[in-house]
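Below is one structure, written out as structure tokens; comments come after it.
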Amino acid sequence: MDANVRQIYPNAVGYTRNDYQGLPSTLCKGCGHNSISNMIISACYELELQPEKIVKFSGIGCSSKSTAYFLDRSFGFNGLHGRMPSLAEGALFADLGLKGIGISGDGDTANIGLSQFKHVARRNLPMVYIVENNGVYGLTKGQFSATAEKGLKLKRQGENPYLPVDIALEAIAANASFVARSFAGDPKQVKELIKAALSHDGTAILDIISPCVTFNNQDYSLHSYSWGKGHEAPLHEVEFVPPREEITVEDFERGTVKEVTMHDGSLIVFKKLEREYDPTNRTEAIRMLEEAIRRNWLITGLIYVDPNAPTIFDMYSLGDEPLNRVSTEKLRPDRNALEMINMSFQ
Amino acid sequence: MKINTFGIAFSTVNGSGSATANNTIQRAIFKMGIPVCARNIFPSNIQGMPTWYHLRISQKGYYGRLEKEDLLIAMNPETVAEDVKKLNPNGILLLNSTISSPDMREDITVIQMPVEAILEASDSPANLSIYLANMVYVGILAFLIEIDLAQIEAALEYHFNHRRSAVNPNFNVVQKAFEWAQENLSRDCGFKLESLDYNENRIMIDGNTAGAVGALFGGLQYAAWYPITPATSLAEALNEYIPRLRSDPSTGTTTCVVVQAEDELAAIGMVVGAGWAGLRSMTSTSGPGLCLMSEYLGLAYFAEVPLVVWDVQRVGPSTGLPTHTSQGDLVFSYFLSHGDKDFVILLPSDVDECFEFGWKALDIAEKLQTPVIILSDLELGMNVWTTDRFQYPDQKIERGKILWEKDLERMAKDGALEWGRYKDIDGDGIPYRTVPGNLNEKSSYFTRGTGHDEYAHYSEGEMDWESNLLRLKRKVENAKEIAPTPLLVKDDGSAVGFISFGSSNMPVIEAVDILADENSPIDYLRIKAIPFNQQVEAFIAAHDQIYVVEANRDGQMKNLLCMNFPQFANRLHSIAKCDGLSLSAEWICSHFKAEAGKGA
């Protein structure tokens, strides 16, 4: 059945694609963020996730507004500029059965939020962290963000004098356990990477180049559709295989496929393109990112993954019952405990 | 002879281990059943700068700071000349004999302490001598003012957790010094202790630990924090007590999570996230951290997220005096964040209230779905105080209006009013909330810091904005009734009244007694929370003149009272001071007399 037709039917857990929709987007027509929202909807629908078990987080900016435009049946929290990660680091402790999806922008992550971005990565909080990266501030009408390339010219700003922050490189330096880069103009790859990210037990960072059609879509801009299409250099073809599906290796030529088994038993299958690339090799990942900067490549795909890195939840002995459902009786120590306290200070 | 009523100053160098000696003396006197309090005046430094410890023994149970003391233990050559000036006439200077005597006052007695000789005589391990030197003054003082040696040994055992290998070398020096004093000094020094039974049911604890333990009895589930003096030990106490109080001994699972954040911006964000998701959550910080937290606190107020913030105040503005106390964050806490808002503020005045407000604040926050700020200070938080044994909470944990799946199903079945996150169904301004993890398809909503209607939908509508903000004001006003109400400490129909709060209560209680003895009876109301309960207004209305006593420059509480009760502004006067020290009864009395003398 054609994918578009299939979407009007419920998935295996009884939800149609509609059940994953959000409010109509108020972003500009053609904005890369809308395409990413759509891919989040498709990924959740195809992964058969229950919308109520997903929690959305965002900071401030055009990208952060987009959490209202998908998964209307999920809880969402649109927090403060650059401080989305901390919200998730608190909220997701309430119920470990929840999946967090955080949406941020390049200003929200690489300017005001660089600290929280790097710290959530190093703590490895299980959540998807998508940076909708367009190199420019949209809501304040076209200022440079920290990911804008040196020399970029914007209408009212003149020429950008500073070197850019590479979000993927920063993520790896911060010991992120899942770092991917993609391009909103390549929705199929975006969707596969979102699925892989949702199955990752740790912080999954997706740096998605998502052109701003209003303020930064000039052909020469490193965040434009045309530049992305001309310079995209996929590291591999990514396919996500859920745990219950049998993989048919015959689909791929022998010796051209690499697999990574995720924590939940799902597989990420990498089909070799022009070059060998091992996404489990951190040193290689850093080298590749450096090379991409030097050669002006928009490398896309799963740059680095360690499916077994310990998460922040592993640092605590939390029970099976969600913490926010623990009864008040269990939260207050008994009178004997207070007696012991009093005795110890007597 | 002054019995059980005098002050002792210990002047040492920080990092020299004097805290062990000083705490030992405080604990030994406490165990002799005598009211005692102590203040540590220390620099923002790890090693080598002057530090003082002020011990006050008060048969009447006054715990305010003394301006001058009767005995001085001088172990720091750098400060002795200045320290001596703060001795009362007929005082005693116990001087480490290696320190050359300062210009001597005629009206004090000097005792040279042969610290090195006593250490040598006690065969102390050389590597410990810098620490053990302090035990010399413990022993000599024990002889002079008659501290029970058995209690000193017991206090050392308490301090070293019964490790005899640590207790023995220390107590050995104490004994040797005691023996030296026996042979060389007379007990007729004018100051002595006599055992009482005042502390039978009392405990000794610092305010930060009391607050942490209170929170754990309050069902705290999530805390995030960033190290900052003088609040650090509060979060550290959480970590210390969680295994004992909040872990299941059979499974080892915990019901309370503590995260050390990368900064206060993140600490408060984590706590907002946790509070929003249905965890009883809190953070602890001091002024500079509270500055960083203020934006998220505005969001928490507006988005109606329950959480508790402990501000253990130090002296500001700016980095200020990080290791000195003040009540200077009151107005800042009142006006935190931009736009219209109102915060619930609790004002503990002793360690017992640190414990009590520790659990109560979580109830108030969840009941009102709003941030609650607890203003403690360095004075309370980092000093060890005596208090009655903590009382078990007299109310059950109150989680407020949280709807789970069954509640939403029942509401749907009953055909009750449709739930909306910000809808005032009960008419008290407090809406119902759901939390993530609720799987009912009607449960979710989108939380934002931007304008919204009562169903949490985005709105820039004037009516939506205004009615929401007015409801929030009504909502927080509920705190007037459910937060701790003011304590009418003294109400003898005087025309003059004092108002105070927090740690300034200690000197104010004493000042009120002193003034009463001098035929200036003054009534006294202690405020425990903001917004102001009706009793505050009634107290002001019932007195011709009100003096508001507090440890900050501007008379911040007085200013808030003037703003809240402008009709009484001309009868409100300020007795305020901020120099990094807590107030003393002596200063309050003299300042009051000067102010009253002006014909206020």
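All residue names refer to the structure tokens as shown: chains lettered A, B, ... in order, residues numbered from 1 in each chain, ligands numbered from 1 in order.
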
Would you please give, as a ChimeraX atom specification, all residues of range 121-306 of chain B that DSSP assigns to strand (DSSP E) based on the backbone? /B:191-192,202-206,222-225,257-260,281-285

Compile the contact shell of Leu47 in chain A as a PyMOL selection string: residues with an atom at most 9 Å away, counting only C-alpha atoms, same-chain residues fewer than 5 positions apart removed. chain A and resi 11+42+195+198+242

Mind dumping the selected residues with N, CA and C atoms as a PDB file, in the first residue's frame?
```pdb
ATOM      1  N   ASN A  11      -2.620   2.700  12.815  1.00  0.00           N
ATOM      2  CA  ASN A  11      -1.452   1.832  12.928  1.00  0.00           C
ATOM      3  C   ASN A  11      -1.771   0.687  13.898  1.00  0.00           C
ATOM      4  N   SER A  42       5.192  11.614  11.138  1.00  0.00           N
ATOM      5  CA  SER A  42       5.281  10.330  10.422  1.00  0.00           C
ATOM      6  C   SER A  42       6.066   9.303  11.228  1.00  0.00           C
ATOM      7  N   LYS A 195      13.401   8.364  13.783  1.00  0.00           N
ATOM      8  CA  LYS A 195      13.045   7.044  14.325  1.00  0.00           C
ATOM      9  C   LYS A 195      14.202   6.437  15.118  1.00  0.00           C
ATOM     10  N   LEU A 198      14.487   8.247  18.359  1.00  0.00           N
ATOM     11  CA  LEU A 198      13.441   7.876  19.325  1.00  0.00           C
ATOM     12  C   LEU A 198      13.726   6.523  19.966  1.00  0.00           C
ATOM     13  N   PRO A 242      12.484  -1.416  13.182  1.00  0.00           N
ATOM     14  CA  PRO A 242      11.971  -1.591  14.547  1.00  0.00           C
ATOM     15  C   PRO A 242      12.261  -2.990  15.062  1.00  0.00           C
TER      16      PRO A 242
END
```

Would you pick out the contacts of Ile103 in chain A at 6 Å or less, using only C-alpha atoms, so that residues sharing its chain but fewer than 6 positions from it are not included, and give the list as an NGL selection string? :A and (58 or 64 or 130)

Between B:Asp188, B:Glu295, B:Asp513, B:Glu146, which residue has the minimum interatomic distance to chain A, considering only C-alpha atoms?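 Answer, going by the shortest atom-to-atom distance: B:Glu295.
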
Select all residues from chain B having any atom no more than 7 Å from an atom of chain A (counting only C-alpha atoms, ignoring ligands), output as a PyMOL selection string. chain B and resi 202-205+217-219+245-246+252-255+266+269-274+276-279+389-390+392+397+436-437+439+441+444-449

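Note that DSSP on the backbone gives alpha helix (DSSP H) to these residues of range 238-338 of chain A: A:Arg282, A:Thr283, A:Glu284, A:Ala285, A:Ile286, A:Arg287, A:Met288, A:Leu289, A:Glu290, A:Glu291, A:Ala292, A:Ile293, A:Arg294, A:Arg295, A:Thr328, A:Glu329, A:Lys330, A:Leu331, A:Arg335, A:Asn336, A:Ala337, A:Leu338.
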
Put those residues in a file: C-alpha atoms, as an mmCIF file, in the first residue's frame.
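Writing done, so here's selection_30.cif:
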```
data_model
loop_
_atom_site.group_PDB
_atom_site.id
_atom_site.type_symbol
_atom_site.label_atom_id
_atom_site.label_comp_id
_atom_site.auth_asym_id
_atom_site.auth_seq_id
_atom_site.Cartn_x
_atom_site.Cartn_y
_atom_site.Cartn_z
ATOM 1 C CA ARG A 282 34.157 8.679 17.818
ATOM 2 C CA THR A 283 37.603 9.676 16.563
ATOM 3 C CA GLU A 284 36.525 9.070 12.994
ATOM 4 C CA ALA A 285 33.384 11.130 13.600
ATOM 5 C CA ILE A 286 35.396 14.116 14.773
ATOM 6 C CA ARG A 287 37.794 13.760 11.852
ATOM 7 C CA MET A 288 34.912 13.578 9.406
ATOM 8 C CA LEU A 289 33.290 16.704 10.827
ATOM 9 C CA GLU A 290 36.569 18.578 10.555
ATOM 10 C CA GLU A 291 37.009 17.428 6.994
ATOM 11 C CA ALA A 292 33.465 18.485 6.146
ATOM 12 C CA ILE A 293 34.174 21.986 7.461
ATOM 13 C CA ARG A 294 37.357 22.181 5.408
ATOM 14 C CA ARG A 295 35.753 20.926 2.222
ATOM 15 C CA THR A 328 2.012 10.239 49.492
ATOM 16 C CA GLU A 329 2.303 7.545 52.182
ATOM 17 C CA LYS A 330 5.498 6.355 50.562
ATOM 18 C CA LEU A 331 6.890 9.867 50.349
ATOM 19 C CA ARG A 335 7.506 8.700 63.056
ATOM 20 C CA ASN A 336 10.320 6.312 63.934
ATOM 21 C CA ALA A 337 12.459 7.885 61.271
ATOM 22 C CA LEU A 338 11.939 11.302 62.825
#
```

Give me, as a PyMOL selection string, all polymer residues having an atom no more than 12 Å from Asp340 in chain B, counting only C-alpha atoms and skipping those fewer than 5 positions away in the same chain. chain B and resi 298-299+301-302+334-335+465-466+468-470+472-473

Mind writing the picked residues with N, CA and C atoms as a short mmCIF file (atom, residue, chain, number, x, y, z; two decimals), in the first residue's frame?
```cif
data_model
loop_
_atom_site.label_atom_id
_atom_site.label_comp_id
_atom_site.auth_asym_id
_atom_site.auth_seq_id
_atom_site.Cartn_x
_atom_site.Cartn_y
_atom_site.Cartn_z
N GLY B 298 9.51 33.58 37.14
CA GLY B 298 8.39 34.29 36.52
C GLY B 298 7.54 33.34 35.67
N LEU B 299 8.23 32.48 34.94
CA LEU B 299 7.50 31.50 34.12
C LEU B 299 6.72 30.54 35.02
N TYR B 301 5.55 31.05 37.96
CA TYR B 301 4.39 31.77 38.49
C TYR B 301 3.29 31.80 37.45
N PHE B 302 3.66 32.19 36.24
CA PHE B 302 2.67 32.39 35.18
C PHE B 302 2.10 31.06 34.68
N TYR B 334 10.27 39.47 46.72
CA TYR B 334 8.89 39.95 46.56
C TYR B 334 8.62 40.34 45.11
N PHE B 335 9.64 40.94 44.48
CA PHE B 335 9.43 41.47 43.12
C PHE B 335 10.11 40.64 42.04
N TRP B 465 -5.84 37.73 28.78
CA TRP B 465 -4.66 38.09 29.55
C TRP B 465 -5.06 38.65 30.91
N GLU B 466 -5.93 39.61 30.88
CA GLU B 466 -6.25 40.31 32.12
C GLU B 466 -6.97 39.39 33.12
N ASN B 468 -6.81 36.24 33.40
CA ASN B 468 -5.86 35.25 33.91
C ASN B 468 -4.98 35.85 35.00
N LEU B 469 -4.46 37.04 34.73
CA LEU B 469 -3.57 37.68 35.72
C LEU B 469 -4.34 38.03 37.00
N LEU B 470 -5.59 38.42 36.85
CA LEU B 470 -6.38 38.74 38.05
C LEU B 470 -6.67 37.47 38.84
N LEU B 472 -4.73 34.87 38.92
CA LEU B 472 -3.48 34.49 39.57
C LEU B 472 -3.31 35.25 40.89
N LYS B 473 -3.68 36.50 40.87
CA LYS B 473 -3.55 37.30 42.09
C LYS B 473 -4.47 36.73 43.18
#
```

Compile the contact shell of range 28-44 of chain B as number ranges by chain: residues with an atom at most 8 Å away, counting only C-alpha atoms, same-chain residues fewer than 2 positions apart removed. B: 4, 14, 24-26, 46, 49-63, 147-148, 151-152, 154-155, 194-200, 321-324, 379, 383-386

Distance query range 111-128 of chain B at most 9 Å, only C-alpha atoms, self and fewer than 3 positions along chain excluded, as number ranges by chain: B: 92-98, 131-134, 136-137, 140, 169-170, 172-173, 175-177, 180-181, 185

Could you give me, as a ChimeraX atom specification, the residues within 10 Å of Glu418 in chain B, counting only C-alpha atoms and dropping anything in the same chain fewer than 4 positions from it? /B:408,411-412,423,425,442,455
